[in-house]
>>> print(open('entry.txt').read())   # compact mmCIF, C-alpha atoms
# COMPACT_ATOMS: atom_id res chain seq x y z
CA MET A 1 0.00 0.00 0.00
CA LYS A 2 1.00 3.62 -0.52
CA ILE A 3 0.20 5.45 2.70
CA GLY A 4 0.40 9.09 3.74
CA ILE A 5 0.70 9.94 7.44
CA THR A 6 0.13 13.39 8.90
CA CYS A 7 0.64 14.05 12.59
CA TYR A 8 2.15 16.43 15.12
CA PRO A 9 5.89 15.82 14.74
CA THR A 10 6.97 17.16 18.12
CA TYR A 11 7.15 15.47 21.52
CA GLY A 12 3.95 13.74 22.56
CA GLY A 13 2.26 10.37 22.46
CA SER A 14 0.35 10.82 19.20
CA GLY A 15 3.41 11.87 17.24
CA ALA A 16 5.46 9.00 18.66
CA VAL A 17 2.78 6.45 17.83
CA ALA A 18 2.25 7.82 14.30
CA THR A 19 5.97 7.79 13.56
CA GLU A 20 6.61 4.31 14.98
CA LEU A 21 3.59 3.03 13.06
CA GLY A 22 4.97 4.46 9.82
CA ILE A 23 8.39 2.92 10.44
CA ALA A 24 6.81 -0.47 11.16
CA LEU A 25 4.62 -0.28 8.05
CA ALA A 26 7.65 0.49 5.89
CA ALA A 27 9.47 -2.50 7.40
CA ARG A 28 6.53 -4.63 6.28
CA GLY A 29 6.92 -3.50 2.67
CA HIS A 30 4.55 -0.52 2.45
CA GLU A 31 5.48 2.88 1.01
CA VAL A 32 5.01 5.54 3.70
CA HIS A 33 4.97 9.32 3.20
CA PHE A 34 5.06 11.61 6.24
CA ILE A 35 3.48 15.01 5.57
CA THR A 36 3.97 17.63 8.28
CA TYR A 37 5.70 20.91 9.10
CA GLN A 38 8.75 19.31 10.68
CA GLN A 39 10.43 15.92 10.51
CA PRO A 40 8.95 13.74 13.28
CA PHE A 41 11.26 13.58 16.27
CA ARG A 42 11.40 9.77 16.21
CA LEU A 43 12.21 9.61 12.51
CA ARG A 44 15.98 9.45 12.56
CA GLY A 45 18.14 9.05 9.49
CA PHE A 46 17.33 7.15 6.32
CA THR A 47 14.77 4.35 6.44
CA PRO A 48 13.92 2.39 3.27
CA GLY A 49 10.32 2.89 2.19
CA ILE A 50 9.87 6.16 4.11
CA PHE A 51 9.63 9.61 2.55
CA TYR A 52 9.21 12.98 4.23
CA HIS A 53 7.38 15.97 2.73
CA GLU A 54 7.66 19.26 4.59
CA VAL A 55 4.70 21.63 4.76
CA ASP A 56 5.93 25.13 4.03
CA VAL A 57 3.80 27.75 5.78
CA VAL A 58 4.48 31.09 4.10
CA ARG A 59 4.14 34.08 6.39
CA TYR A 60 2.38 37.09 4.92
CA PRO A 61 1.80 40.35 6.84
CA LEU A 62 -1.90 39.90 6.07
CA PHE A 63 -2.08 36.78 8.25
CA GLU A 64 -1.73 37.32 11.97
CA TYR A 65 -1.82 33.53 12.31
CA PRO A 66 -0.40 31.62 9.29
CA PRO A 67 -3.02 29.14 7.98
CA TYR A 68 -1.21 25.84 8.55
CA ASP A 69 -4.33 23.77 7.92
CA LEU A 70 -4.62 25.15 4.36
CA ALA A 71 -0.92 24.75 3.65
CA LEU A 72 -1.18 21.16 4.90
CA ALA A 73 -4.18 20.49 2.64
CA VAL A 74 -2.23 21.72 -0.39
CA ARG A 75 0.77 19.57 0.49
CA ILE A 76 -1.37 16.47 1.04
CA HIS A 77 -3.02 17.10 -2.33
CA GLU A 78 0.38 17.35 -4.03
CA VAL A 79 1.79 14.22 -2.40
CA VAL A 80 -1.32 12.12 -3.08
CA ARG A 81 -1.36 13.28 -6.71
CA ASP A 82 2.34 12.90 -7.42
CA HIS A 83 2.89 9.61 -5.55
CA GLU A 84 -0.54 8.04 -6.12
CA LEU A 85 -1.24 7.42 -2.45
CA GLU A 86 -4.14 5.12 -1.66
CA LEU A 87 -4.93 6.48 1.77
CA VAL A 88 -4.01 9.25 4.17
CA HIS A 89 -3.83 8.39 7.86
CA ALA A 90 -4.56 11.52 9.91
CA HIS A 91 -3.57 11.44 13.56
CA TYR A 92 -5.91 13.91 15.30
CA ALA A 93 -9.19 15.10 13.83
CA ILE A 94 -8.19 18.74 13.61
CA PRO A 95 -6.45 20.06 11.72
CA HIS A 96 -5.16 16.86 10.11
CA ALA A 97 -8.39 15.10 9.13
CA THR A 98 -9.87 18.46 8.10
CA SER A 99 -6.91 19.18 5.84
CA ALA A 100 -7.04 15.67 4.39
CA TRP A 101 -10.72 16.17 3.52
CA ILE A 102 -9.93 19.47 1.74
CA ALA A 103 -7.16 17.71 -0.20
CA ARG A 104 -9.56 14.95 -1.22
CA GLU A 105 -12.08 17.52 -2.46
CA MET A 106 -9.33 19.18 -4.52
CA LEU A 107 -8.43 15.83 -6.07
CA GLU A 108 -11.92 15.26 -7.45
CA ASP A 109 -11.32 17.65 -10.35
CA SER A 110 -8.53 15.40 -11.58
CA GLY A 111 -10.60 12.25 -11.23
CA SER A 112 -8.41 10.99 -8.37
CA SER A 113 -9.38 10.23 -4.83
CA VAL A 114 -7.93 8.96 -1.59
CA GLN A 115 -9.31 7.26 1.50
CA ILE A 116 -8.99 9.09 4.81
CA ILE A 117 -8.42 7.22 8.05
CA THR A 118 -8.50 9.27 11.23
CA THR A 119 -7.07 8.09 14.53
CA LEU A 120 -8.41 9.92 17.57
CA HIS A 121 -5.80 10.29 20.29
CA GLY A 122 -7.65 12.22 22.96
CA THR A 123 -7.14 15.96 23.16
CA ASP A 124 -8.88 16.42 19.81
CA ILE A 125 -12.00 14.91 21.41
CA THR A 126 -11.83 15.56 25.14
CA LEU A 127 -10.57 19.15 25.05
CA ILE A 128 -10.24 20.96 21.71
CA GLY A 129 -13.18 19.26 20.04
CA GLN A 130 -15.52 20.26 22.86
CA ASP A 131 -14.64 23.93 22.55
CA PRO A 132 -17.55 25.72 20.81
CA SER A 133 -15.09 27.21 18.32
CA PHE A 134 -14.06 23.76 17.08
CA ARG A 135 -16.91 21.39 17.94
CA THR A 136 -18.70 21.60 14.57
CA ILE A 137 -15.58 21.24 12.43
CA THR A 138 -14.34 18.35 14.59
CA LYS A 139 -17.64 16.51 14.16
CA PHE A 140 -17.59 17.22 10.43
CA SER A 141 -14.05 15.91 10.04
CA ILE A 142 -14.86 12.75 11.96
CA GLU A 143 -17.95 12.04 9.89
CA ARG A 144 -16.17 12.68 6.58
CA SER A 145 -13.42 10.18 7.37
CA ASN A 146 -13.64 6.83 5.59
CA GLY A 147 -12.36 5.01 8.64
CA LEU A 148 -12.09 5.91 12.32
CA THR A 149 -9.98 4.44 15.09
CA ALA A 150 -9.56 5.40 18.74
CA VAL A 151 -6.68 4.46 21.01
CA SER A 152 -8.95 3.24 23.81
CA GLU A 153 -12.47 2.06 24.49
CA TYR A 154 -12.86 5.05 26.79
CA LEU A 155 -12.09 7.42 23.91
CA ARG A 156 -14.43 5.56 21.55
CA ARG A 157 -17.31 6.03 23.99
CA GLU A 158 -16.34 9.65 24.63
CA THR A 159 -16.35 10.41 20.90
CA ILE A 160 -19.80 8.98 20.36
CA SER A 161 -21.33 10.66 23.41
CA THR A 162 -19.66 14.03 22.81
CA PHE A 163 -20.51 14.39 19.14
CA GLY A 164 -23.60 12.23 18.86
CA CYS A 165 -21.96 10.23 16.09
CA ASN A 166 -24.16 7.21 16.64
CA GLN A 167 -23.67 6.12 13.03
CA CYS A 168 -19.89 6.42 13.25
CA LYS A 169 -18.09 3.10 13.43
CA VAL A 170 -15.03 3.66 15.58
CA GLN A 171 -12.64 0.74 15.95
CA VAL A 172 -10.43 0.60 19.02
CA ILE A 173 -6.80 -0.01 18.13
CA HIS A 174 -4.61 0.50 21.16
CA ASN A 175 -1.23 2.16 21.20
CA PHE A 176 1.77 -0.16 21.20
CA ILE A 177 5.38 -0.72 22.21
CA ASP A 178 8.27 -2.46 20.53
CA PRO A 179 9.15 -5.33 22.91
CA LEU A 180 12.76 -5.24 21.73
CA VAL A 181 13.14 -1.57 22.67
CA TYR A 182 11.28 -1.73 25.97
CA LYS A 183 13.14 -4.63 27.51
CA ARG A 184 14.66 -4.01 30.91
CA SER A 185 17.54 -6.46 30.57
CA ARG A 186 19.09 -4.83 27.50
CA TYR A 187 20.07 -1.60 29.29
CA LYS A 188 22.61 -0.64 31.91
CA GLN A 189 21.26 0.93 35.09
CA VAL A 190 22.12 4.47 34.00
CA LEU A 191 20.09 6.22 36.71
CA ARG A 192 21.54 3.96 39.37
CA GLN A 193 24.98 5.16 38.33
CA GLN A 194 23.89 8.68 39.27
CA THR A 195 22.07 7.92 42.52
CA GLY A 196 24.17 5.10 43.91
CA GLU A 197 22.81 2.17 45.90
CA GLY A 198 20.32 2.40 48.75
CA LYS A 199 17.65 4.62 47.18
CA ARG A 200 14.63 3.58 45.13
CA ILE A 201 14.23 5.28 41.76
CA LEU A 202 10.91 6.87 40.79
CA LEU A 203 10.17 8.32 37.35
CA HIS A 204 7.66 10.60 35.67
CA VAL A 205 7.53 11.40 31.93
CA SER A 206 5.18 13.98 30.42
CA ASN A 207 4.79 17.34 28.70
CA PHE A 208 4.19 19.05 32.06
CA ARG A 209 0.79 20.44 31.10
CA PRO A 210 -1.83 21.08 33.83
CA ILE A 211 -3.64 17.84 32.97
CA LYS A 212 -0.52 15.90 34.05
CA ARG A 213 -0.73 17.29 37.62
CA VAL A 214 3.05 17.47 38.09
CA ARG A 215 2.63 19.12 41.50
CA ASP A 216 0.87 15.93 42.56
CA VAL A 217 3.79 13.92 41.20
CA VAL A 218 6.12 15.75 43.58
CA ARG A 219 3.65 15.47 46.48
CA ILE A 220 3.28 11.72 45.98
CA PHE A 221 7.03 11.36 45.86
CA ALA A 222 7.43 13.38 49.07
CA GLY A 223 4.94 11.05 50.78
CA ILE A 224 6.82 7.98 49.61
CA GLN A 225 10.20 9.40 50.55
CA ARG A 226 9.11 9.83 54.16
CA GLU A 227 8.94 6.03 54.40
CA VAL A 228 11.24 4.84 51.63
CA PRO A 229 14.64 6.41 50.81
CA SER A 230 14.17 7.39 47.18
CA VAL A 231 14.79 9.87 44.37
CA LEU A 232 12.53 11.18 41.61
CA PHE A 233 13.51 11.82 38.00
CA MET A 234 11.21 14.12 36.00
CA VAL A 235 11.55 13.75 32.22
CA GLY A 236 10.01 16.31 29.89
CA ASP A 237 9.20 19.99 29.98
CA GLY A 238 6.26 22.32 29.68
CA PRO A 239 4.28 25.13 31.30
CA ASP A 240 4.07 23.53 34.76
CA ARG A 241 7.73 22.72 35.22
CA THR A 242 8.27 25.82 37.37
CA ALA A 243 5.31 24.81 39.53
CA ALA A 244 6.80 21.35 40.06
CA GLU A 245 10.17 22.82 40.99
CA GLU A 246 8.46 25.17 43.44
CA GLU A 247 6.53 22.29 44.99
CA ALA A 248 9.75 20.36 45.51
CA ARG A 249 11.25 23.34 47.34
CA LEU A 250 8.15 23.85 49.47
CA LEU A 251 8.18 20.21 50.54
CA GLY A 252 11.92 20.19 51.15
CA VAL A 253 12.68 17.45 48.60
CA GLU A 254 14.35 19.59 45.95
CA ARG A 255 17.70 17.81 46.39
CA SER A 256 16.04 14.49 45.61
CA VAL A 257 14.11 15.59 42.51
CA PHE A 258 16.00 15.79 39.21
CA PHE A 259 14.57 17.53 36.14
CA LEU A 260 16.10 16.04 32.99
CA GLY A 261 14.20 17.99 30.32
CA LYS A 262 13.06 16.52 26.99
CA LEU A 263 14.79 13.34 25.92
CA ASP A 264 14.37 11.41 22.67
CA SER A 265 14.78 7.99 24.22
CA VAL A 266 13.29 7.10 27.60
CA ALA A 267 13.64 3.30 27.52
CA PRO A 268 17.13 3.31 29.13
CA LEU A 269 15.79 5.47 31.96
CA LEU A 270 12.68 3.35 32.44
CA ALA A 271 14.89 0.27 32.70
CA SER A 272 16.51 1.86 35.77
CA ALA A 273 13.25 2.88 37.45
CA GLU A 274 11.37 1.00 40.15
CA LEU A 275 8.12 2.97 40.17
CA PHE A 276 6.40 5.22 37.63
CA LEU A 277 4.01 8.01 38.71
CA LEU A 278 1.19 9.25 36.48
CA PRO A 279 -1.51 11.06 38.52
CA SER A 280 -3.08 12.80 35.49
CA THR A 281 -6.54 14.34 35.53
CA ASN A 282 -7.22 12.26 32.44
CA GLU A 283 -5.37 10.09 29.91
CA SER A 284 -7.07 8.86 26.77
CA PHE A 285 -4.64 5.95 26.79
CA GLY A 286 -1.43 6.54 28.72
CA LEU A 287 1.45 5.68 26.40
CA SER A 288 4.11 6.64 28.94
CA ALA A 289 2.50 4.24 31.43
CA LEU A 290 2.59 1.45 28.84
CA GLU A 291 6.26 2.10 28.11
CA ALA A 292 7.01 1.91 31.84
CA LEU A 293 5.10 -1.34 32.24
CA ALA A 294 6.91 -2.84 29.25
CA CYS A 295 10.20 -2.16 31.05
CA GLY A 296 8.91 -3.94 34.14
CA VAL A 297 8.13 -0.78 36.10
CA PRO A 298 4.92 -0.88 38.20
CA VAL A 299 2.78 2.22 37.67
CA VAL A 300 0.86 4.24 40.27
CA ALA A 301 -1.71 6.31 38.40
CA SER A 302 -5.13 7.94 38.40
CA ASN A 303 -8.14 5.72 37.83
CA ALA A 304 -9.23 7.89 34.92
CA GLY A 305 -9.82 7.76 31.17
CA GLY A 306 -8.12 4.91 29.38
CA LEU A 307 -5.59 4.13 32.13
CA PRO A 308 -7.60 1.17 33.50
CA GLU A 309 -7.30 -0.40 30.04
CA VAL A 310 -3.51 -0.27 30.35
CA ILE A 311 -2.82 -0.80 34.06
CA ARG A 312 -4.21 -3.79 35.95
CA ASP A 313 -4.92 -2.52 39.45
CA GLY A 314 -3.15 -4.66 42.04
CA VAL A 315 -1.39 -6.71 39.36
CA THR A 316 0.81 -4.39 37.29
CA GLY A 317 0.38 -1.25 39.38
CA ALA A 318 -2.13 0.72 41.41
CA LEU A 319 -5.03 2.97 40.40
CA ARG A 320 -6.42 5.61 42.73
CA PRO A 321 -8.92 8.48 42.31
CA VAL A 322 -7.68 11.68 40.69
CA GLY A 323 -6.11 13.93 43.31
CA ASP A 324 -5.72 11.16 45.92
CA VAL A 325 -2.12 12.02 46.69
CA GLU A 326 -2.09 10.18 50.02
CA GLY A 327 -3.62 7.06 48.48
CA MET A 328 -1.11 7.02 45.64
CA ALA A 329 1.79 7.54 48.06
CA ALA A 330 0.53 4.70 50.24
CA ALA A 331 0.23 2.44 47.20
CA GLY A 332 3.77 3.31 46.15
CA ILE A 333 5.11 2.58 49.63
CA ALA A 334 3.35 -0.79 49.71
CA ILE A 335 4.89 -1.77 46.37
CA LEU A 336 8.41 -0.60 47.19
CA CYS A 337 8.61 -1.88 50.76
CA ASP A 338 8.00 -5.51 49.83
CA GLN A 339 10.55 -6.82 47.31
CA GLU A 340 8.45 -9.90 46.52
CA THR A 341 5.45 -7.68 45.73
CA TRP A 342 7.59 -5.40 43.58
CA GLN A 343 9.15 -8.31 41.67
CA ALA A 344 5.77 -9.94 41.05
CA MET A 345 4.34 -6.67 39.74
CA SER A 346 7.43 -6.00 37.64
CA ASP A 347 7.26 -9.41 36.00
CA ALA A 348 3.50 -9.14 35.43
CA ALA A 349 3.84 -5.62 34.01
CA ALA A 350 6.39 -6.62 31.38
CA ALA A 351 4.57 -9.82 30.43
CA ASP A 352 1.19 -8.07 30.13
CA ALA A 353 2.52 -5.13 28.10
CA HIS A 354 4.45 -7.37 25.72
CA SER A 355 1.52 -9.73 25.15
CA ARG A 356 -1.34 -7.23 24.81
CA PHE A 357 0.39 -4.25 23.20
CA ALA A 358 3.21 -5.67 21.06
CA LEU A 359 4.00 -3.61 17.97
CA GLU A 360 3.69 -6.52 15.56
CA ASN A 361 0.14 -7.35 16.65
CA ILE A 362 -1.12 -3.75 16.66
CA VAL A 363 0.43 -2.90 13.29
CA ALA A 364 -1.29 -5.98 11.86
CA GLU A 365 -4.59 -4.58 13.16
CA TYR A 366 -3.92 -1.32 11.32
CA GLU A 367 -3.04 -3.19 8.13
CA SER A 368 -6.33 -5.10 8.29
CA PHE A 369 -8.22 -1.89 8.96
CA TYR A 370 -6.56 -0.20 5.98
CA ALA A 371 -7.45 -3.12 3.72
CA ARG A 372 -11.10 -3.14 4.82
CA THR A 373 -11.36 0.62 4.32
CA LEU A 374 -9.84 0.44 0.85
CA ALA A 375 -12.19 -2.42 -0.03
CA THR A 376 -15.20 -0.16 0.56
CA ARG A 377 -13.91 2.48 -1.87
CA VAL A 378 -16.39 3.31 -4.62
>>> encode(input="entry.txt", output="structure tokens")
Amino acid sequence: MKIGITCYPTYGGSGAVATELGIALAARGHEVHFITYQQPFRLRGFTPGIFYHEVDVVRYPLFEYPPYDLALAVRIHEVVRDHELELVHAHYAIPHATSAWIAREMLEDSGSSVQIITTLHGTDITLIGQDPSFRTITKFSIERSNGLTAVSEYLRRETISTFGCNQCKVQVIHNFIDPLVYKRSRYKQVLRQQTGEGKRILLHVSNFRPIKRVRDVVRIFAGIQREVPSVLFMVGDGPDRTAAEEEARLLGVERSVFFLGKLDSVAPLLASAELFLLPSTNESFGLSALEALACGVPVVASNAGGLPEVIRDGVTGALRPVGDVEGMAAAGIAILCDQETWQAMSDAAAADAHSRFALENIVAEYESFYARTLATRV
């Protein structure tokens, strides 16, 4: 198949999933064309079967905000026309599915067409899509897609209830991990080299937006540290980093909390960690939690959104209500204080993640979905 992929190329779960999916599809013999304003951060070097097409957004004094969605539509149109793509896979409804629809309308004059598959990742439905300014166009873009997938059952239900798309058939295809990459035994204990023996290593990875509740991450850690000698590594960056740093100072744990900034590869760090904290207000799936589990790291997280589909409470981690800092700290202490409990959870976490969310199986689901969508083309 000849497949176009458009996504957000910067740090974030949707961009990572879209890029890794494209790489896997190319490895299986498909021709994959990435179309976006910047090369995806996980697309490194030359990969056979993969092509990148940059969207050039020209800045005119007339436009206070350059119209990226229109520039993207034009670029999709050009790539589909010139490379005879069969389908465009848009990750996020807006602007990507919207731009793909415009491109398809432009193609009709030449007698060409293309199928549009839209994968809903979360924010496009749970936040942006519910804003009155974008609700109508989000619903339109969803309904004009030839195929729809959602990364969790929670998000599928949320899409239908939010937009009233009762006739929309949304297939759940979960996010995935590469078992070879997220394998604890293949990495040296790089974080242990920094902290030394005697302290347990906790980890948090996110974009530090308010929904991630990074102040709660620090509060949970402080509660755990009172009982268990430990350190916390915070990976990522974003608007709430300053708030997290301030919270660490207020609680007197600033010397035990390390902010590492944005990193391309987190698997080596996860392989050193003993507990992962994710107390988000909501997660449509929780890719960072899955990556932690795959490396054998039990996860303490909020019982919200799609997280219960990823984390098995009491088996691979612990789920507590949003904002229950004390409950999450207590759960973390219980896991870390009993080595047999930790080892059992670690083993179960890796086994469950590798069996349910392995890249090969999920990519095969996408291939089947592509084929069924193309088969319905008129």
>>> closest_atom_pairs(input="entry.txt", of="region 15-130 of chain A", to="region 360-366 of chain A", cutoff="10 Å", atoms="only C-alpha atoms", output="JSON lines")
{"residue": "A:Glu20", "atom": "CA", "partner": "A:Val363", "partner_atom": "CA", "distance": 9.6}
{"residue": "A:Leu21", "atom": "CA", "partner": "A:Val363", "partner_atom": "CA", "distance": 6.7}
{"residue": "A:Gly22", "atom": "CA", "partner": "A:Val363", "partner_atom": "CA", "distance": 9.3}
{"residue": "A:Ala24", "atom": "CA", "partner": "A:Val363", "partner_atom": "CA", "distance": 7.2}
{"residue": "A:Leu25", "atom": "CA", "partner": "A:Val363", "partner_atom": "CA", "distance": 7.2}
{"residue": "A:Arg28", "atom": "CA", "partner": "A:Val363", "partner_atom": "CA", "distance": 9.5}
>>> closest_residue(input="entry.txt", among="A:Thr195, A:Thr119, A:Thr98, A:Thr376", to="Gly15 (chain A)", atoms="all atoms listed in the file")
A:Thr119
>>> atom_distance(input="entry.txt", atom1="CA of Trp101 (chain A)", atom2="CA of Arg144 (chain A)")
7.2 Å
>>> closest_atom_pairs(input="entry.txt", of="region 260-342 of chain A", to="region 161-178 of chain A", cutoff="10 Å", atoms="only C-alpha atoms", output="CSV")
residue,atom,partner,partner_atom,distance
A:Phe285,CA,A:Asn175,CA,7.6
A:Gly286,CA,A:Asn175,CA,8.7
A:Leu287,CA,A:Asn175,CA,6.8
A:Leu290,CA,A:Ile177,CA,7.5
A:Glu291,CA,A:Ile177,CA,6.6
A:Ala294,CA,A:Ile177,CA,7.5
A:Gly306,CA,A:His174,CA,10.0
A:Glu309,CA,A:His174,CA,9.3
A:Val310,CA,A:His174,CA,9.3
>>> closest_residue(input="entry.txt", among="A:Glu108, A:Thr10, A:Val55, A:Ser230", to="Gly196 (chain A)", atoms="only C-alpha atoms")
A:Ser230
>>> atom_distance(input="entry.txt", atom1="CA of Ile211 (chain A)", atom2="CA of Tyr37 (chain A)")
25.8 Å
>>> axis_aligned_box(input="entry.txt", around="region 286-303 of chain A", padding_each_side="6 Å", output="JSON")
{"center_x": 1.0, "center_y": 2.0, "center_z": 33.3, "size_x": 30.3, "size_y": 23.9, "size_z": 25.9}
>>> residues_around(input="entry.txt", residues="region 329-336 of chain A", least_positions_apart="4", cutoff="6 Å", atoms="all atoms listed in the file", output="count of residues only")
5
>>> closest_residue(input="entry.txt", among="A:Leu293, A:Ile94, A:Leu87, A:Met328", to="Ser355 (chain A)", atoms="only C-alpha atoms")
A:Leu293
>>> closest_residue(input="entry.txt", among="A:Cys295, A:Ile76, A:Ile201, A:Val322", to="Arg186 (chain A)", atoms="all atoms listed in the file")
A:Cys295
>>> residues_around(input="entry.txt", residues="Gly296 (chain A)", least_positions_apart="4", cutoff="7 Å", atoms="all atoms listed in the file", output="list of chain:residue names")
A:Arg184, A:Ala292, A:Ser346, A:Asp347, A:Ala349, A:Ala350
>>> closest_residue(input="entry.txt", among="A:Val231, A:Ala222, A:Gln189, A:Gly13", to="Val205 (chain A)", atoms="only C-alpha atoms")
A:Gly13
>>> residues_around(input="entry.txt", residues="Pro239 (chain A)", least_positions_apart="3", cutoff="12 Å", atoms="all atoms listed in the file", output="JSON, numbers by chain")
{"A": [206, 207, 208, 209, 210, 211, 212, 213, 214, 215, 236, 242, 243, 244, 245]}
>>> closest_residue(input="entry.txt", among="A:Ser152, A:Asp109, A:Val300, A:Pro95", to="Phe134 (chain A)", atoms="all atoms listed in the file")
A:Pro95
>>> atom_distance(input="entry.txt", atom1="CA of His96 (chain A)", atom2="CA of Val266 (chain A)")
27.2 Å
>>> residues_around(input="entry.txt", residues="His204 (chain A)", least_positions_apart="4", cutoff="6 Å", atoms="only C-alpha atoms", output="PyMOL selection string")
chain A and resi 234+276-277
>>> build_atoms(input="entry.txt", residues="region 95-102 of chain A", atoms="all heavy atoms", output="short mmCIF file (atom, residue, chain, number, x, y, z; two decimals), in the frame of the given file")
data_model
loop_
_atom_site.label_atom_id
_atom_site.label_comp_id
_atom_site.auth_asym_id
_atom_site.auth_seq_id
_atom_site.Cartn_x
_atom_site.Cartn_y
_atom_site.Cartn_z
N PRO A 95 -6.02 19.70 13.08
CA PRO A 95 -6.45 20.06 11.72
C PRO A 95 -6.24 18.95 10.69
O PRO A 95 -6.61 19.10 9.54
CB PRO A 95 -5.54 21.23 11.39
CG PRO A 95 -4.25 20.86 12.04
CD PRO A 95 -4.64 20.18 13.34
N HIS A 96 -5.66 17.81 11.09
CA HIS A 96 -5.16 16.86 10.11
C HIS A 96 -6.25 16.20 9.27
O HIS A 96 -6.13 16.12 8.04
CB HIS A 96 -4.29 15.81 10.81
CG HIS A 96 -3.15 16.43 11.55
ND1 HIS A 96 -2.79 16.07 12.84
CD2 HIS A 96 -2.29 17.42 11.20
CE1 HIS A 96 -1.76 16.79 13.23
NE2 HIS A 96 -1.45 17.62 12.25
N ALA A 97 -7.32 15.71 9.91
CA ALA A 97 -8.39 15.10 9.13
C ALA A 97 -9.11 16.16 8.29
O ALA A 97 -9.54 15.89 7.17
CB ALA A 97 -9.38 14.39 10.05
N THR A 98 -9.24 17.36 8.85
CA THR A 98 -9.87 18.46 8.10
C THR A 98 -9.07 18.78 6.85
O THR A 98 -9.62 18.92 5.74
CB THR A 98 -9.97 19.71 8.99
OG1 THR A 98 -10.53 19.36 10.25
CG2 THR A 98 -10.81 20.78 8.32
N SER A 99 -7.77 18.88 6.99
CA SER A 99 -6.91 19.18 5.84
C SER A 99 -6.94 18.05 4.82
O SER A 99 -6.92 18.29 3.61
CB SER A 99 -5.47 19.43 6.32
OG SER A 99 -5.41 20.56 7.17
N ALA A 100 -6.98 16.82 5.30
CA ALA A 100 -7.04 15.67 4.39
C ALA A 100 -8.34 15.70 3.58
O ALA A 100 -8.35 15.38 2.38
CB ALA A 100 -6.92 14.37 5.18
N TRP A 101 -9.44 16.08 4.23
CA TRP A 101 -10.72 16.17 3.52
C TRP A 101 -10.65 17.25 2.43
O TRP A 101 -11.12 17.03 1.30
CB TRP A 101 -11.85 16.48 4.50
CG TRP A 101 -13.16 16.72 3.79
CD1 TRP A 101 -14.02 15.78 3.30
CD2 TRP A 101 -13.73 17.99 3.47
NE1 TRP A 101 -15.10 16.38 2.69
CE2 TRP A 101 -14.95 17.74 2.78
CE3 TRP A 101 -13.34 19.31 3.69
CZ2 TRP A 101 -15.76 18.76 2.32
CZ3 TRP A 101 -14.15 20.33 3.22
CH2 TRP A 101 -15.36 20.06 2.55
N ILE A 102 -10.08 18.41 2.75
CA ILE A 102 -9.93 19.47 1.74
C ILE A 102 -9.11 18.96 0.56
O ILE A 102 -9.45 19.18 -0.61
CB ILE A 102 -9.28 20.72 2.37
CG1 ILE A 102 -10.19 21.33 3.43
CG2 ILE A 102 -8.96 21.76 1.29
CD1 ILE A 102 -9.54 22.45 4.23
#
